[in-house]
Amino acid sequence: MNERTRYRTTGALFLLSVGVIFVPMLFDRDDAPPVQLAPVNEDYQPPVVRGLDRVPESDFAARVEGLRAETDEQGFHRGTKTKMGEPVLSAPNDRTDAWAVQLGSFASADKARAFRDRLRADGYEAFLSSYKPEADIIRNRVAVGPLLDAERAARLAEELSGRYEVEARLMAFGN
């Protein structure tokens, strides 16, 4: 935008702003009667909603206790050995519907996050899945997925193996 157009635009916006502020003052009348509001009824009681005299029955507390029994003190599911809330990676079988390509398993969470971030920067849908194979060992797995086609997942595993010089593994993806 050239300088002359910029000055004209700025001037027009200034005049418009002044008009918006001061024009209503021209039409403000001092002799207008004040508006009278109805008095507030101080005895007003809001209507009471009936029908919730008791709390509905719920199995929420039992479900929470069940989840606590299924997890260890660090939050890992005792059956899958995966941290609760993270994707479960397991060996594929005949019923596998979703696939993931595991590219690495790290003892260091920082190294795993760095590799995941590198994959994401390269355009892959990478994620972490913490796994506890033994009592004192935690592994942070880096994977790409989920994929719904086994052939596509196998091609992606080959591509990623060559690109990042790792041994990619096909895994079943689950929650």
# chains A, B, ... in the order shown; residues from 1 in each chain; ligands from 1

$ residues_around --residues "segment 65-72 of chain A" --least-positions-apart "6" --cutoff "9 Å" --atoms "only C-alpha atoms" --output "PyMOL selection string"
chain A and resi 78-79+81+83-84

$ select_by_dssp --residues "chain A" --states "strand (DSSP E)" --output "PyMOL selection string"
chain A and resi 88-90+99-106+126-134+137-147+169-174

$ closest_atom_pairs --of "segment 21-109 of chain A" --to "segment 10-16 of chain A" --cutoff "12 Å" --atoms "only C-alpha atoms" --output "tab-separated table"
residue	atom	partner	partner_atom	distance
A:Ile21	CA	A:Leu16	CA	8.7
A:Phe22	CA	A:Leu16	CA	10.0
A:Val23	CA	A:Leu16	CA	10.2

$ residues_around --residues "segment 167-172 of chain A" --least-positions-apart "5" --cutoff "9 Å" --atoms "only C-alpha atoms" --output "VMD selection string"
chain A and resid 88 to 93 96 to 104 143 146 150 153 to 154 157 to 158 160 to 162

$ atom_distance --atom1 "atom CA of Met25 of chain A" --atom2 "atom CA of Tyr7 of chain A"
27.5 Å

$ atom_distance --atom1 "atom CA of Tyr124 of chain A" --atom2 "atom CA of Arg152 of chain A"
13.8 Å

$ select_by_dssp --residues "segment 6-143 of chain A" --states "helix (DSSP H, G or I)" --output "NGL selection string"
:A and (6-26 or 60-70 or 109-121)

$ closest_residue --among "A:Leu119, A:Val48, A:Ala32, A:Ile137" --to "Arg163 of chain A" --atoms "only C-alpha atoms"
A:Leu119

$ residues_around --residues "Gly85 of chain A" --least-positions-apart "2" --cutoff "12 Å" --atoms "only C-alpha atoms" --output "PyMOL selection string"
chain A and resi 67+71+75-77+80-83+87-88+128-131+174-175

$ closest_residue --among "A:Gln74, A:Val144, A:Ala38, A:Lys132" --to "Arg120 of chain A" --atoms "only C-alpha atoms"
A:Val144

$ closest_residue --among "A:Pro47, A:Ser105, A:Leu147, A:Arg113" --to "Pro133 of chain A" --atoms "only C-alpha atoms"
A:Ser105

$ atom_distance --atom1 "atom CA of Val18 of chain A" --atom2 "atom CA of Asp31 of chain A"
25.0 Å
